[in-house]
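As provided, model.cif (mmCIF, C-alpha atoms) reads as follows.
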```
data_my_file
#
loop_
_atom_site.label_atom_id
_atom_site.label_comp_id
_atom_site.auth_asym_id
_atom_site.auth_seq_id
_atom_site.Cartn_x
_atom_site.Cartn_y
_atom_site.Cartn_z
CA MET A 18 -35.84 -61.24 -32.61
CA THR A 19 -33.38 -64.16 -32.57
CA LEU A 20 -29.92 -63.84 -31.08
CA GLY A 21 -26.99 -66.24 -30.87
CA LYS A 22 -24.81 -68.09 -28.38
CA ASN A 23 -23.89 -66.88 -24.87
CA THR A 24 -26.23 -63.95 -25.03
CA PHE A 25 -27.59 -61.52 -22.45
CA ILE A 26 -30.65 -59.60 -23.35
CA ALA A 27 -32.17 -57.02 -21.11
CA ILE A 28 -35.26 -55.42 -22.44
CA ALA A 29 -37.11 -52.76 -20.56
CA ALA A 30 -40.33 -51.11 -21.23
CA SER A 31 -43.02 -49.53 -19.01
CA LEU A 32 -46.79 -49.17 -17.88
CA PHE A 33 -50.20 -50.72 -19.30
CA LEU A 34 -53.49 -50.76 -17.21
CA LEU A 35 -54.86 -54.19 -16.25
CA LEU A 36 -56.31 -56.95 -14.05
CA GLY A 37 -56.56 -60.60 -14.25
CA PHE A 38 -56.13 -64.19 -13.62
CA THR A 39 -52.88 -66.05 -13.91
CA SER A 40 -52.35 -69.67 -14.87
CA PHE A 41 -49.00 -71.44 -14.56
CA LEU A 42 -47.82 -74.77 -15.91
CA PHE A 43 -44.33 -76.14 -15.14
CA LEU A 44 -43.04 -79.44 -16.51
CA TYR A 45 -39.77 -81.01 -15.36
CA GLU A 46 -39.15 -84.66 -16.23
CA GLY A 47 -42.86 -85.41 -16.24
CA ASN A 48 -43.88 -83.42 -13.14
CA SER A 49 -46.49 -80.65 -13.42
CA GLU A 50 -47.97 -77.98 -11.20
CA THR A 51 -50.78 -75.49 -11.79
CA ALA A 52 -51.76 -72.24 -10.01
CA LEU A 53 -54.70 -69.87 -10.60
CA THR A 54 -55.24 -66.32 -9.23
CA LYS A 55 -58.14 -63.90 -9.78
CA ALA A 56 -59.19 -60.57 -8.22
CA ASP A 57 -61.51 -57.67 -9.00
CA THR A 58 -59.30 -54.71 -8.03
CA VAL A 59 -55.61 -55.41 -7.39
CA THR A 60 -53.89 -58.68 -8.23
CA GLU A 61 -50.31 -59.72 -7.52
CA ALA A 62 -49.24 -63.06 -8.94
CA ASN A 63 -45.85 -64.75 -8.80
CA THR A 64 -45.10 -67.83 -10.91
CA ASN A 65 -41.71 -69.46 -10.48
CA ALA A 66 -39.92 -72.51 -11.85
CA SER A 67 -36.56 -73.53 -10.38
CA ASN A 68 -34.51 -76.53 -11.50
CA GLN A 69 -31.16 -77.58 -10.07
CA SER A 70 -29.01 -80.57 -10.95
CA ASN A 71 -25.56 -81.71 -9.77
CA ASN A 72 -25.71 -85.18 -11.35
CA ASN A 73 -23.98 -86.42 -14.50
CA ILE A 74 -27.17 -87.34 -16.32
CA ASN A 75 -29.06 -86.36 -19.42
CA ILE A 76 -31.32 -83.47 -18.54
CA ASN A 77 -34.49 -82.51 -20.41
CA ILE A 78 -36.34 -79.52 -18.95
CA THR A 79 -39.45 -77.80 -20.26
CA ASN A 80 -40.73 -74.77 -18.32
CA ASN A 81 -43.96 -73.17 -19.52
CA ILE A 82 -45.55 -70.14 -17.85
CA GLN A 83 -48.69 -68.59 -19.29
CA ASN A 84 -50.43 -65.57 -17.76
CA ASN A 85 -53.86 -64.61 -19.12
CA ILE A 86 -54.89 -61.21 -17.76
CA TYR A 87 -58.16 -59.42 -18.40
CA GLY A 88 -60.37 -56.73 -16.91
CA ASP A 89 -59.98 -53.14 -15.76
CA GLY A 90 -58.15 -53.45 -12.46
CA THR A 91 -54.47 -53.27 -11.49
CA THR A 92 -52.31 -56.35 -11.93
CA LYS A 93 -48.69 -57.07 -11.12
CA VAL A 94 -47.29 -60.34 -12.44
CA GLU A 95 -43.76 -61.66 -11.88
CA SER A 96 -42.67 -64.79 -13.75
CA THR A 97 -39.28 -66.34 -13.02
CA ILE A 98 -37.58 -69.41 -14.44
CA THR A 99 -34.24 -70.50 -13.01
CA ASN A 100 -32.12 -73.43 -14.23
CA ASP A 101 -28.89 -74.18 -12.35
CA ILE A 102 -27.07 -77.14 -13.91
CA LYS A 103 -23.73 -78.10 -12.34
CA SER A 104 -22.93 -81.39 -14.00
CA ASP A 105 -21.27 -83.13 -16.95
CA ALA A 106 -24.42 -83.79 -18.93
CA THR A 107 -26.38 -83.28 -22.10
CA SER A 108 -28.92 -80.57 -21.31
CA ASN A 109 -31.92 -79.78 -23.48
CA ILE A 110 -33.83 -76.87 -21.94
CA ASN A 111 -36.89 -75.04 -23.24
CA ASN A 112 -38.14 -72.01 -21.29
CA SER A 113 -41.35 -70.26 -22.30
CA VAL A 114 -43.24 -67.30 -20.80
CA GLU A 115 -46.34 -65.94 -22.51
CA ASN A 116 -48.47 -63.04 -21.22
CA ASN A 117 -51.82 -62.29 -22.84
CA VAL A 118 -53.36 -59.01 -21.67
CA ASP A 119 -56.79 -57.75 -22.76
CA GLY A 120 -58.49 -54.84 -21.01
CA ASP A 121 -58.23 -51.25 -19.87
CA GLY A 122 -56.37 -51.68 -16.61
CA ASN A 123 -52.89 -51.09 -15.22
CA THR A 124 -50.55 -54.04 -15.68
CA THR A 125 -46.93 -54.49 -14.62
CA LEU A 126 -45.15 -57.54 -16.03
CA SER A 127 -41.71 -58.76 -15.00
CA ASN A 128 -40.29 -61.79 -16.81
CA THR A 129 -36.93 -63.29 -15.81
CA LEU A 130 -35.22 -66.32 -17.37
CA ASP A 131 -31.95 -67.22 -15.66
CA ASN A 132 -29.83 -70.14 -16.91
CA GLU A 133 -26.48 -71.17 -15.41
CA LEU A 134 -24.68 -74.20 -16.82
CA ASN A 135 -21.28 -75.42 -15.64
CA GLY A 136 -19.27 -78.60 -16.11
CA GLU A 137 -18.52 -80.30 -19.42
CA SER A 138 -22.02 -79.79 -20.75
CA SER A 139 -23.53 -79.82 -24.22
CA GLY A 140 -27.00 -79.53 -25.64
CA GLU A 141 -29.57 -76.91 -26.61
CA LEU A 142 -31.17 -73.97 -24.82
CA GLU A 143 -34.18 -72.05 -26.12
CA ASN A 144 -35.70 -69.04 -24.33
CA ASN A 145 -39.03 -67.60 -25.45
CA ILE A 146 -40.83 -64.55 -24.06
CA LYS A 147 -43.98 -63.26 -25.74
CA ASN A 148 -46.14 -60.39 -24.50
CA ASN A 149 -49.44 -59.71 -26.28
CA MET A 150 -51.08 -56.44 -25.23
CA ASN A 151 -54.59 -55.43 -26.27
CA GLY A 152 -56.83 -52.67 -24.98
CA ASN A 153 -56.46 -49.00 -24.12
CA GLY A 154 -54.61 -49.28 -20.82
CA LYS A 155 -51.07 -48.48 -19.79
CA HIS A 156 -48.50 -51.11 -19.05
CA SER A 157 -44.97 -51.73 -17.87
CA ILE A 158 -42.97 -54.65 -19.23
CA GLU A 159 -39.54 -55.78 -18.12
CA ASN A 160 -37.94 -58.78 -19.84
CA ASN A 161 -34.63 -60.16 -18.57
CA LEU A 162 -32.63 -63.06 -20.06
CA PHE A 163 -29.47 -64.23 -18.33
CA ASN A 164 -27.36 -67.05 -19.82
CA ASN A 165 -24.20 -67.85 -17.85
CA PHE A 166 -21.98 -70.68 -19.09
CA GLY A 167 -18.75 -72.27 -17.85
CA VAL A 168 -15.68 -72.55 -20.04
CA SER A 169 -16.36 -76.18 -21.03
CA VAL A 170 -19.98 -75.70 -22.00
CA ASN A 171 -21.04 -76.20 -25.62
CA ILE A 172 -24.65 -75.07 -25.84
CA ASP A 173 -26.62 -73.86 -28.85
CA VAL A 174 -28.71 -70.93 -27.64
CA GLN A 175 -31.78 -69.34 -29.17
CA ASN A 176 -33.41 -66.31 -27.50
CA ASN A 177 -36.76 -65.04 -28.78
CA VAL A 178 -38.50 -61.98 -27.32
CA THR A 179 -41.65 -60.47 -28.82
CA ASN A 180 -43.72 -57.56 -27.50
CA GLU A 181 -46.91 -56.87 -29.44
CA THR A 182 -49.18 -53.92 -28.61
CA GLN A 183 -52.51 -53.19 -30.27
CA ASN A 184 -55.21 -50.55 -29.70
CA ASN A 185 -53.21 -48.92 -26.94
CA GLU A 186 -54.42 -45.34 -26.95
CA ASN A 187 -53.10 -44.20 -23.59
CA GLY A 188 -49.85 -46.07 -23.30
CA ASP A 189 -47.52 -43.98 -25.47
CA GLY A 190 -44.91 -42.20 -23.44
CA ASN A 191 -44.98 -44.62 -20.55
CA GLY A 192 -42.61 -47.34 -21.61
CA ASN A 193 -44.92 -49.56 -23.63
CA GLY A 194 -43.26 -52.56 -25.26
CA ASN A 195 -43.45 -52.58 -29.06
CA ASP A 196 -40.92 -54.88 -30.68
CA ASP A 197 -41.12 -54.60 -34.46
CA GLY A 198 -37.64 -55.61 -35.58
CA ASN A 199 -33.97 -55.70 -34.80
CA ASN A 200 -32.37 -52.35 -35.61
CA GLU A 201 -29.13 -51.68 -33.74
CA ASP A 202 -26.68 -48.81 -33.76
CA GLU A 203 -22.92 -49.22 -34.08
CA ASN A 204 -22.66 -49.84 -30.33
CA GLY A 205 -25.20 -52.68 -30.45
CA ASN A 206 -27.98 -50.69 -28.77
CA SER A 207 -31.51 -51.22 -30.02
CA SER A 208 -34.49 -48.86 -29.84
CA ASP A 209 -36.80 -51.70 -30.91
CA ASP A 210 -36.72 -53.13 -27.40
CA LEU A 211 -38.49 -50.04 -26.03
CA ALA A 212 -41.80 -48.29 -26.45
CA ASP A 213 -42.25 -45.85 -29.28
CA ILE A 214 -42.27 -43.04 -26.69
CA ILE A 215 -40.29 -43.25 -23.44
CA TRP A 216 -40.19 -41.15 -20.29
CA GLY A 217 -37.11 -39.46 -18.87
CA ILE A 218 -35.69 -36.70 -16.73
CA ASP A 219 -32.85 -34.18 -16.73
CA SER A 220 -31.26 -32.49 -13.77
CA ALA A 221 -28.49 -30.06 -12.87
CA SER A 222 -28.12 -31.72 -9.46
CA GLU A 223 -25.48 -34.24 -8.48
CA THR A 224 -26.64 -37.80 -9.15
CA THR A 225 -26.73 -39.90 -5.96
CA GLU A 226 -28.61 -42.93 -4.70
CA GLU A 227 -30.75 -40.57 -2.60
CA PHE A 228 -31.56 -38.57 -5.74
CA TYR A 229 -32.73 -41.70 -7.56
CA ALA A 230 -34.84 -42.75 -4.60
CA CYS A 231 -36.51 -39.32 -4.62
CA VAL A 232 -37.29 -39.53 -8.35
CA LYS A 233 -38.70 -43.06 -8.19
CA GLU A 234 -40.79 -42.35 -5.10
CA ASN A 235 -42.30 -39.13 -6.41
CA PHE A 236 -42.32 -39.38 -10.20
CA GLY A 237 -41.41 -42.73 -11.76
CA ASP A 238 -38.56 -44.72 -13.25
CA PRO A 239 -36.81 -42.87 -16.11
CA VAL A 240 -35.40 -44.54 -19.19
CA VAL A 241 -33.40 -41.45 -20.26
CA PHE A 242 -31.41 -39.21 -17.91
CA GLY A 243 -30.02 -35.87 -19.14
CA ARG A 244 -26.87 -34.71 -17.32
CA TYR A 245 -24.32 -31.94 -17.82
CA LEU A 246 -20.72 -32.22 -19.01
CA GLY A 247 -18.29 -30.50 -16.67
CA GLU A 248 -18.96 -28.35 -13.62
CA ARG A 249 -20.48 -24.91 -14.14
CA GLU A 250 -20.40 -23.12 -10.82
CA GLY A 251 -23.77 -21.94 -9.61
CA VAL A 252 -25.52 -23.51 -12.61
CA SER A 253 -24.99 -27.26 -12.87
CA HIS A 254 -23.05 -30.12 -11.29
CA GLY A 255 -20.90 -31.93 -13.82
CA LEU A 256 -21.29 -35.60 -14.61
CA THR A 257 -18.55 -37.78 -13.08
CA SER A 258 -17.45 -41.35 -13.78
CA ASN A 259 -18.98 -42.48 -10.47
CA GLN A 260 -22.31 -40.90 -11.42
CA VAL A 261 -22.11 -42.56 -14.84
CA ASP A 262 -21.70 -45.93 -13.10
CA LEU A 263 -24.73 -45.26 -10.89
CA ILE A 264 -26.95 -44.18 -13.80
CA GLN A 265 -25.96 -47.16 -15.91
CA GLU A 266 -26.46 -49.55 -13.00
CA GLU A 267 -30.03 -48.23 -12.90
CA GLY A 268 -30.33 -49.25 -16.56
CA ASP A 269 -30.81 -45.68 -17.84
CA TYR A 270 -29.51 -44.04 -21.02
CA ILE A 271 -27.44 -40.89 -20.50
CA LEU A 272 -28.17 -37.78 -22.59
CA PRO A 273 -25.04 -35.55 -22.39
CA ILE A 274 -25.65 -31.78 -22.19
CA TYR A 275 -23.04 -29.07 -22.88
CA ASN A 276 -23.80 -25.65 -21.36
CA HIS A 277 -20.48 -23.75 -21.02
CA PHE A 278 -21.57 -20.66 -22.99
CA ASN A 279 -24.26 -17.98 -22.83
CA ASP A 280 -23.97 -16.49 -26.32
CA ALA A 281 -24.98 -18.64 -29.31
CA ARG A 282 -23.84 -16.36 -32.12
CA GLY A 283 -21.10 -16.69 -34.71
CA TYR A 284 -19.74 -19.61 -36.72
CA ASP A 285 -16.35 -19.62 -35.02
CA ASN A 286 -18.06 -19.58 -31.62
CA GLY A 287 -20.15 -22.58 -32.64
CA VAL A 288 -16.99 -24.41 -33.69
CA ALA A 289 -15.19 -23.51 -30.45
CA GLN A 290 -18.06 -24.64 -28.24
CA ALA A 291 -18.39 -27.92 -30.12
CA GLU A 292 -14.65 -28.58 -29.76
CA GLU A 293 -14.87 -27.93 -26.02
CA ALA A 294 -17.87 -30.27 -25.75
CA ILE A 295 -15.89 -32.97 -27.57
CA ARG A 296 -13.01 -32.50 -25.13
CA PHE A 297 -15.36 -32.95 -22.15
CA ALA A 298 -16.87 -36.04 -23.76
CA ASN A 299 -13.46 -37.57 -24.43
CA GLU A 300 -12.31 -36.95 -20.86
CA LEU A 301 -15.40 -38.67 -19.50
CA GLY A 302 -15.03 -41.60 -21.88
CA ILE A 303 -18.29 -41.14 -23.78
CA PRO A 304 -18.36 -43.68 -26.65
CA GLU A 305 -18.39 -42.62 -30.27
CA GLY A 306 -21.77 -42.28 -31.89
CA VAL A 307 -23.34 -40.56 -28.86
CA ALA A 308 -25.06 -37.19 -29.44
CA ILE A 309 -23.90 -34.16 -27.46
CA PHE A 310 -26.60 -31.52 -26.94
CA ALA A 311 -25.79 -27.80 -26.98
CA ASP A 312 -27.89 -26.06 -24.33
CA ILE A 313 -29.25 -22.84 -25.86
CA GLU A 314 -31.29 -21.20 -23.12
CA PRO A 315 -34.16 -18.83 -24.06
CA GLU A 316 -32.30 -15.70 -22.92
CA TYR A 317 -29.22 -16.47 -25.05
CA PRO A 318 -28.77 -14.53 -28.29
CA VAL A 319 -28.60 -17.01 -31.18
CA ASP A 320 -28.00 -17.00 -34.94
CA SER A 321 -27.81 -19.52 -37.76
CA ALA A 322 -24.02 -19.21 -38.00
CA PHE A 323 -23.57 -20.65 -34.49
CA ILE A 324 -25.83 -23.58 -35.33
CA LEU A 325 -23.85 -24.26 -38.51
CA GLY A 326 -20.54 -24.11 -36.64
CA TRP A 327 -21.78 -26.41 -33.89
CA TYR A 328 -23.35 -28.94 -36.24
CA GLU A 329 -20.54 -29.13 -38.79
CA THR A 330 -17.89 -29.56 -36.08
CA MET A 331 -19.86 -32.27 -34.26
CA ALA A 332 -20.73 -34.03 -37.53
CA SER A 333 -17.05 -34.29 -38.45
CA SER A 334 -16.17 -35.75 -35.03
CA GLU A 335 -16.78 -39.18 -33.50
CA TYR A 336 -19.99 -37.81 -31.92
CA GLU A 337 -23.43 -36.83 -33.17
CA SER A 338 -24.97 -33.34 -33.02
CA GLY A 339 -27.89 -32.33 -30.84
CA ILE A 340 -29.39 -29.00 -29.80
CA TYR A 341 -31.64 -28.20 -26.83
CA GLY A 342 -33.81 -25.11 -26.56
CA ILE A 343 -37.26 -23.62 -26.93
CA PHE A 344 -38.13 -24.35 -30.56
CA ALA A 345 -41.52 -22.63 -30.53
CA ALA A 346 -42.58 -21.46 -33.98
CA ASP A 347 -42.04 -17.76 -33.24
CA SER A 348 -38.76 -18.19 -31.32
CA GLU A 349 -35.42 -16.78 -32.42
CA LEU A 350 -33.91 -20.24 -32.05
CA ALA A 351 -36.43 -21.90 -34.38
CA ASN A 352 -36.00 -19.22 -37.04
CA SER A 353 -32.20 -19.44 -36.80
CA TYR A 354 -32.42 -23.21 -37.07
CA ILE A 355 -34.52 -23.01 -40.24
CA THR A 356 -32.03 -20.56 -41.79
CA ALA A 357 -29.10 -22.81 -40.88
CA SER A 358 -30.81 -25.83 -42.41
CA GLU A 359 -31.35 -23.89 -45.63
CA ASP A 360 -27.58 -23.35 -45.77
CA ASN A 361 -26.84 -27.00 -44.91
CA SER A 362 -29.68 -29.46 -45.51
CA GLU A 363 -27.88 -32.15 -43.46
CA ILE A 364 -28.96 -30.31 -40.31
CA LEU A 365 -32.60 -31.29 -40.82
CA GLU A 366 -31.57 -34.83 -41.73
CA ASN A 367 -29.09 -35.50 -38.92
CA ASN A 368 -29.18 -33.00 -36.06
CA ILE A 369 -31.37 -34.08 -33.15
CA ILE A 370 -33.66 -31.53 -31.52
CA TRP A 371 -34.60 -31.65 -27.84
CA THR A 372 -37.25 -28.96 -27.52
CA ALA A 373 -38.71 -27.31 -24.44
CA ALA A 374 -41.86 -26.24 -26.28
CA PRO A 375 -44.60 -26.33 -25.28
CA ASN A 376 -44.19 -26.28 -21.51
CA ILE A 377 -47.24 -27.91 -19.94
CA GLY A 378 -45.77 -28.52 -16.47
CA ILE A 379 -44.17 -31.28 -14.41
CA THR A 380 -45.98 -34.62 -14.18
CA THR A 381 -45.32 -38.11 -12.95
CA GLU A 382 -44.43 -40.81 -15.46
CA ALA A 383 -47.95 -42.25 -15.24
CA GLU A 384 -49.53 -38.86 -16.01
CA ALA A 385 -47.23 -37.91 -18.89
CA PRO A 386 -48.99 -36.24 -21.83
CA GLU A 387 -49.20 -37.38 -25.44
CA PHE A 388 -45.94 -36.78 -27.33
CA GLU A 389 -46.51 -33.43 -29.08
CA PRO A 390 -43.23 -31.47 -29.24
CA GLU A 391 -42.98 -28.18 -31.09
CA ALA A 392 -40.08 -27.83 -33.52
CA PRO A 393 -39.35 -26.83 -37.15
CA GLU A 394 -41.09 -28.94 -39.77
CA ASP A 395 -39.21 -32.09 -40.90
CA SER A 396 -36.66 -31.78 -38.10
CA LEU A 397 -35.58 -34.70 -35.89
CA ALA A 398 -37.57 -33.55 -32.86
CA TRP A 399 -36.91 -36.66 -30.78
CA GLY A 400 -36.94 -35.04 -27.34
CA TRP A 401 -39.55 -32.94 -25.53
CA GLN A 402 -38.92 -31.35 -22.15
CA TYR A 403 -42.58 -30.78 -21.32
CA GLY A 404 -42.16 -29.79 -17.63
CA ILE A 405 -39.41 -27.82 -15.92
CA ASP A 406 -38.11 -26.95 -12.48
CA SER A 407 -39.76 -29.40 -10.12
CA GLU A 408 -39.11 -28.34 -6.54
CA THR A 409 -39.15 -32.00 -5.53
CA CYS A 410 -35.89 -33.73 -6.53
CA ASN A 411 -34.91 -30.77 -8.79
CA ILE A 412 -35.76 -32.38 -12.12
CA ASP A 413 -37.36 -31.56 -15.45
CA THR A 414 -39.65 -34.17 -17.02
CA ASN A 415 -39.37 -35.34 -20.62
CA LEU A 416 -40.72 -37.58 -23.33
CA PHE A 417 -38.53 -39.02 -26.08
CA ASN A 418 -38.98 -40.82 -29.35
CA SER A 419 -37.30 -44.14 -28.56
CA GLU A 420 -35.09 -43.81 -31.66
CA ILE A 421 -33.03 -41.37 -29.61
CA VAL A 422 -31.52 -44.16 -27.50
CA ASP A 423 -29.48 -45.21 -30.54
CA VAL A 424 -27.47 -42.00 -30.08
CA LEU A 425 -27.40 -41.90 -26.26
CA TRP A 426 -24.86 -43.39 -23.86
CA SER A 427 -26.24 -46.87 -23.34
CA PRO A 428 -26.15 -48.68 -19.98
CA GLU A 429 -24.52 -51.55 -21.91
CA THR A 430 -21.41 -49.53 -22.84
#
```
Can you turn what I pasted into structure tokens?
Amino acid sequence: MTLGKNTFIAIAASLFLLLGFTSFLFLYEGNSETALTKADTVTEANTNASNQSNNNININITNNIQNNIYGDGTTKVESTITNDIKSDATSNINNSVENNVDGDGNTTLSNTLDNELNGESSGELENNIKNNMNGNGKHSIENNLFNNFGVSVNIDVQNNVTNETQNNENGDGNGNGNDDGNNEDENGNSSDDLADIIWGIDSASETTEEFYACVKENFGDPVVFGRYLGEREGVSHGLTSNQVDLIQEEGDYILPIYNHFNDARGYDNGVAQAEEAIRFANELGIPEGVAIFADIEPEYPVDSAFILGWYETMASSEYESGIYGIFAADSELANSYITASEDNSEILENNIIWTAAPNIGITTEAEAPEFEPEAPEDSLAWGWQYGIDSETCNIDTNLFNSEIVDVLWSPET
């Protein structure tokens, strides 16, 4: 993808299995340096380029980092390029990081390009990150681009980030990078920067730094975090603005859940519950275009009229419609959903399903299953809560089609 001037891109994606050697070439005004690392089991390689200038001169910088990784071991590679130009100068900067991975190992890649230009500067800046992944391993990719300019800087910026994955049988569901285009929602959030399938959690507990530490230590690093709107005593802690800040600082997308009912019958009831969910969302400052999920628990009575009332009210609001529940083929919820969609075909086309069927049990991120949710045919079954009620950290574990992030509360908003 190519983006324009004064741009910040943060792209996250997760887990691929690998091992390797790393080669690094850095050129700055004719100087070069090379480093090589190889291991048979676990490799950690850090390649860094740092340029700083305070002089009023013409500056031409070319930073090239190339990591070639192969084998079946575990590899962690961190590549960082930093340019700090504090001068009145013409700056022409080209930063390039390329990672080529081929094998069936476990690879974690972290690429950071950080450019800060101040003074009365002009010139061109081009950032390129390319990750080529081949093999049947699992991988984690994190790409970060930071461009910070002073008020008198006139720089033409081009940012290019490409993640290409081939023959990756085991990576789906673990944050694999797969960048095929540049589709963005109305808030500017893009699902193309993520894997096809991403891992997440939901919890009724209060979100704290200690909670996050527990999740990361015992399970993994979620991309999506489901949390409840409003306090429901004895059932769930409500999401607060402080918790929103913490979740978004972690770079996670928020999936809002509404659970202030225990009877999912009747059109008017569906309308009333949707209106209450909208009120909660407005009070919390949830942006338009975000989906709110009605929590229909398995013991709740449910009918098609409620689903129609909920969907049609949400669809006419600034928010999108979502429904959570056990959508197993023989469930009352699934049958009611099919009936509702026969009355209003837009439900199949637009309502997002987050299903808890089948339940295969809690896992870590690395051990997440293939994405196989159960839901009515042709429905938008983008979420699957495959494991529930972990005693550690009090979480449920989920997999999501990455398209869902286009209707979640983005960390960028």
query = Nearest to Thr380 in chain A among A:Thr409, A:Asn132, A:Thr330, A:Thr257, with distances taken over all atoms listed in the file: which residue is it?
reply = A:Thr409
request  = For range 271-273 of chain A, work out the shell of residues within 8 Å, counting only C-alpha atoms and skipping chain neighbours fewer than 2 positions away, then give it as a VMD selection string.
outcome  = chain A and resid 241 to 246 261 264 to 265 269 275 308 to 310 425 to 428
task = Give as JSON, numbers by chain the residues that the PyMOL selection byres ((chain A and resi 329) around 10) matches when applied to the coordinates above.
result = {"A": [284, 287, 288, 291, 323, 324, 325, 326, 327, 328, 330, 331, 332, 333, 334, 337, 338, 361, 363, 364, 368]}
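On the file presented, the PyMOL selection byres ((chain A and resi 345-347) around 7) picks out Ile343, Phe344, Ser348, Glu349, Ala351, Ala374, Glu391 and Ala392 of chain A.
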query = Nearest to Thr414 in chain A: which of A:Ile370, A:Val307, A:Ile218, A:Ala230 is it, counting only C-alpha atoms?
reply = A:Ile218
Option closest in space to Asn135 in chain A, from A:Ile102, A:Ala322, A:Met150, A:Ile355 [counting all atoms listed in the file] = A:Ile102
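Distance-wise, CA of Thr97 in chain A and CA of Asn128 in chain A end up 6.0 Å apart.
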